[in-house]
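Chemist: Right, I'll just put the structure down here and ask away after.
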Amino acid sequence: MRAWPAPDVPTLTVTGPEVALHDTATGQLVPVVPEDGHARLYVCGITPYDATHMGHAATYVGFDLLNRAWRNAGHAVTYAQNVTDVDDPLLERAAKVGIDWVELAERETELFRQDMTALRVLPPAHYTGAVESIPLVIGLIERLRAAGAVYQVEDDLYFSVAADPTFGEESNYPRELMLEIFPERGGDPDRPGKKDPLDCVLWRAERPGEPSWPSPFGPGRPGWHIECSAISLEHLGTAFDVQGGGSDLVFPHHEMCAGHTQVATGERFAKVYAHAGMVAYDGEKMSKSKGNLVFVSALRNSDIDPMAIRLTLLRHHYRSDWEWTDAELFDSVDTLAQWRKALALGSGAPAGPVIEDVLEVLAADLDAPAAVELIQGWVDATLGVDGLADNTDHDAAGRIAAVLDAALGLSL
Ligand code: ZN
């Protein structure tokens with residue numbers, strides 16, 4: 001599947017520090033220094049049945065900071081992302097609105113590409129749909145079968161979590177919490193015939209009126225978790241650097257993805273698991289079921305500068321849960337006008353220390369709010385907000401603009 005076009009990113013004359021990230025599995029801040037200078041990143045993609053909302057945008061902009069921090073530290077990055085272009089929510093929505101599910105998936109995936117392009121998110125090298133990865137999924141299920149980790153309930157295939165000695169090591173959730181969350185996130189703990197309520201579907205046999213594909217296990221379609229295991233294994237191999245996604249993927253999705261790959265290969269899935277916080281609106285987590293969504297495309301259609309959307313996202317640490325407000329968006333619009341005014345001067349306050357500090361705070365668990373504060377400090381000094389303007393650095397503006405783009409993805 002085609003990704004979206006890559007923005008031009010300036011190359012900085014200074015090299016950033018090595019990156020450290022908060023790892024969900026260990027609860028620690030850990031260095032994510034790639035072997036051989038080549039980082040491998042997987043971030044779980046969308047199920048394309050609706051437009052990109054701010055919760056999605058915050059996740060992809062958050063991991064875009066990681067991609068950029070690695071590049072600024074001098075590393076190459078291979079980035080893979082999936083599109084769950086066949087799954088229950090997509091089929092349910094298509095049936096509800098009376099549209100072909102393929103058409104709905106294509107339309108919403110294209111809108112997502114446009115949103116990511118407008119927000120200057122670096123595209124993945126491998127952007128892979130669930131449908132096109134079915135041969136990979138079948139191959140991985142065969143390996144799991146050979147490892148004795150698969151059983152049948154009626155015509156569906158399940159992954160036995162008991163086959164995974166490391167089960168639970170990614171989320172660290174107690175079993176009671178797993179049992180509580182599982183049905184809320186696509187699981188079916190109460191289905192008769194399962195060995196463990198937490199076992200998840202690998203292959204869902206054909207149902208009347210649903211699309212299916214041939215397989216050695218009969219016609220059907222892939223489960224959600226095996227899709228990401230198969231795609232990441234194909235494009236990134238095992239023990240890749242970072243598995244990322246929203247914090248609602250901590251369990252069961254990332255736990256199961258890790259289990260599938262680890263049981264099939266005997267090797268680690270990802271070295272580090274990183275998770276972005278949830279975005280609320282009107283007092284509740286932004287979600288399709290609540291209907292309290294703020295769409296990137298709707299704001300773009302209202303002539304909101306996408307850089308103001310991005311700046312609003314950057315003002316919140318990627319791991320924090322926060323609430324989107326229109327007031328903050330409009331404040332970002334004003335902030336960008338002030339920043340552009342300072343950059344238009346050409347000369348300004350000394351840029352060197354600001355650039356080094358921006359790279360440093362971003363390398364330390366992607367602290368974008370701190371980076372935004374540092375830029376604001378340079379703007380204030382350059383415009384003389386708190387006294388006399390400092391314009392002793394004659395090429396400051398160009399260098400600040402370059403780090404804004406290369407590190408924060410803000411092109412002004
Ligand atoms: Zn995934």
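Going by the structure tokens order, chains are called A, B, ..., each with residues numbered from 1, while ligands are numbered from 1 in the order shown.
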Please produce, as JSON lines, a per-residue contact table for chain A versus ligand 1 (criterion: any atom at most 9 Å away, only C-alpha atoms and all ligand atoms considered), showing the nearest atom pair and its distance in Å to one decimal, sorted by chain then residue number.
Modeler:
{"residue": "A:Tyr42", "atom": "CA", "partner": "ligand 1", "partner_atom_place_in_ligand_line": "1 (Zn)", "distance": 8.4}
{"residue": "A:Val43", "atom": "CA", "partner": "ligand 1", "partner_atom_place_in_ligand_line": "1 (Zn)", "distance": 6.9}
{"residue": "A:Cys44", "atom": "CA", "partner": "ligand 1", "partner_atom_place_in_ligand_line": "1 (Zn)", "distance": 3.9}
{"residue": "A:Gly45", "atom": "CA", "partner": "ligand 1", "partner_atom_place_in_ligand_line": "1 (Zn)", "distance": 6.4}
{"residue": "A:Ile46", "atom": "CA", "partner": "ligand 1", "partner_atom_place_in_ligand_line": "1 (Zn)", "distance": 8.7}
{"residue": "A:Gln81", "atom": "CA", "partner": "ligand 1", "partner_atom_place_in_ligand_line": "1 (Zn)", "distance": 8.0}
{"residue": "A:Asn82", "atom": "CA", "partner": "ligand 1", "partner_atom_place_in_ligand_line": "1 (Zn)", "distance": 6.9}
{"residue": "A:Val83", "atom": "CA", "partner": "ligand 1", "partner_atom_place_in_ligand_line": "1 (Zn)", "distance": 8.7}
{"residue": "A:Thr84", "atom": "CA", "partner": "ligand 1", "partner_atom_place_in_ligand_line": "1 (Zn)", "distance": 8.4}
{"residue": "A:Trp224", "atom": "CA", "partner": "ligand 1", "partner_atom_place_in_ligand_line": "1 (Zn)", "distance": 7.4}
{"residue": "A:His225", "atom": "CA", "partner": "ligand 1", "partner_atom_place_in_ligand_line": "1 (Zn)", "distance": 6.3}
{"residue": "A:Ile226", "atom": "CA", "partner": "ligand 1", "partner_atom_place_in_ligand_line": "1 (Zn)", "distance": 8.5}
{"residue": "A:Glu227", "atom": "CA", "partner": "ligand 1", "partner_atom_place_in_ligand_line": "1 (Zn)", "distance": 7.2}
{"residue": "A:Cys228", "atom": "CA", "partner": "ligand 1", "partner_atom_place_in_ligand_line": "1 (Zn)", "distance": 4.5}
{"residue": "A:Ser229", "atom": "CA", "partner": "ligand 1", "partner_atom_place_in_ligand_line": "1 (Zn)", "distance": 7.6}
{"residue": "A:Ser232", "atom": "CA", "partner": "ligand 1", "partner_atom_place_in_ligand_line": "1 (Zn)", "distance": 9.0}
{"residue": "A:Gln243", "atom": "CA", "partner": "ligand 1", "partner_atom_place_in_ligand_line": "1 (Zn)", "distance": 8.7}
{"residue": "A:Gly244", "atom": "CA", "partner": "ligand 1", "partner_atom_place_in_ligand_line": "1 (Zn)", "distance": 8.5}
{"residue": "A:Gly245", "atom": "CA", "partner": "ligand 1", "partner_atom_place_in_ligand_line": "1 (Zn)", "distance": 7.5}
{"residue": "A:Leu249", "atom": "CA", "partner": "ligand 1", "partner_atom_place_in_ligand_line": "1 (Zn)", "distance": 7.7}
{"residue": "A:His253", "atom": "CA", "partner": "ligand 1", "partner_atom_place_in_ligand_line": "1 (Zn)", "distance": 6.5}
{"residue": "A:His254", "atom": "CA", "partner": "ligand 1", "partner_atom_place_in_ligand_line": "1 (Zn)", "distance": 6.8}
{"residue": "A:Cys257", "atom": "CA", "partner": "ligand 1", "partner_atom_place_in_ligand_line": "1 (Zn)", "distance": 7.3}
Chemist: Can those selected residues be exported to a file as a compact mmCIF listing (two decimals), in the first residue's frame so that it contains C-alpha atoms?
Modeler:
# COMPACT_ATOMS: atom_id res chain seq x y z
CA TYR A 42 6.73 0.04 14.16
CA VAL A 43 3.69 2.12 15.05
CA CYS A 44 0.22 0.56 14.89
CA GLY A 45 -1.92 2.20 12.24
CA ILE A 46 -5.56 3.10 11.90
CA GLN A 81 2.96 0.94 9.94
CA ASN A 82 -0.15 -1.12 9.19
CA VAL A 83 -3.66 -0.22 8.08
CA THR A 84 -6.32 -2.56 9.47
CA TRP A 224 -6.18 -8.04 14.50
CA HIS A 225 -3.11 -8.86 16.61
CA ILE A 226 -1.55 -11.38 14.20
CA GLU A 227 -1.73 -8.73 11.47
CA CYS A 228 0.80 -6.46 13.23
CA SER A 229 3.02 -9.40 14.23
CA SER A 232 6.48 -6.15 11.63
CA GLN A 243 6.89 -0.79 19.12
CA GLY A 244 4.62 2.22 19.47
CA GLY A 245 0.96 3.11 19.66
CA LEU A 249 -2.96 -0.74 22.78
CA HIS A 253 -2.92 -5.64 21.34
CA HIS A 254 0.80 -5.25 22.04
CA CYS A 257 1.58 -9.09 19.04
Chemist: Would you pick out the contacts of stretch 260-274 of chain A at 8 Å or less, using only C-alpha atoms, so that residues sharing its chain but fewer than 5 positions from it are not included, and give the list as a PyMOL selection string?
Modeler: chain A and resi 21-25+32+140+143-144+147+149+159+163-164+170+226+229-230+233+238-245
Chemist: For A:Ser347, which residue out of A:Pro219, A:Pro369, A:Gly55, A:Gly398 is the nearest one, using only C-alpha atoms?
Modeler: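 The answer is A:Gly398, which sits nearest to A:Ser347.
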Chemist: Can you pull out the residues contacting stretch 122-124 of chain A? Cut-off 6 Å, using only C-alpha atoms, and skip same-chain residues under 2 positions away; I want them as a count of residues only.
Modeler: 6
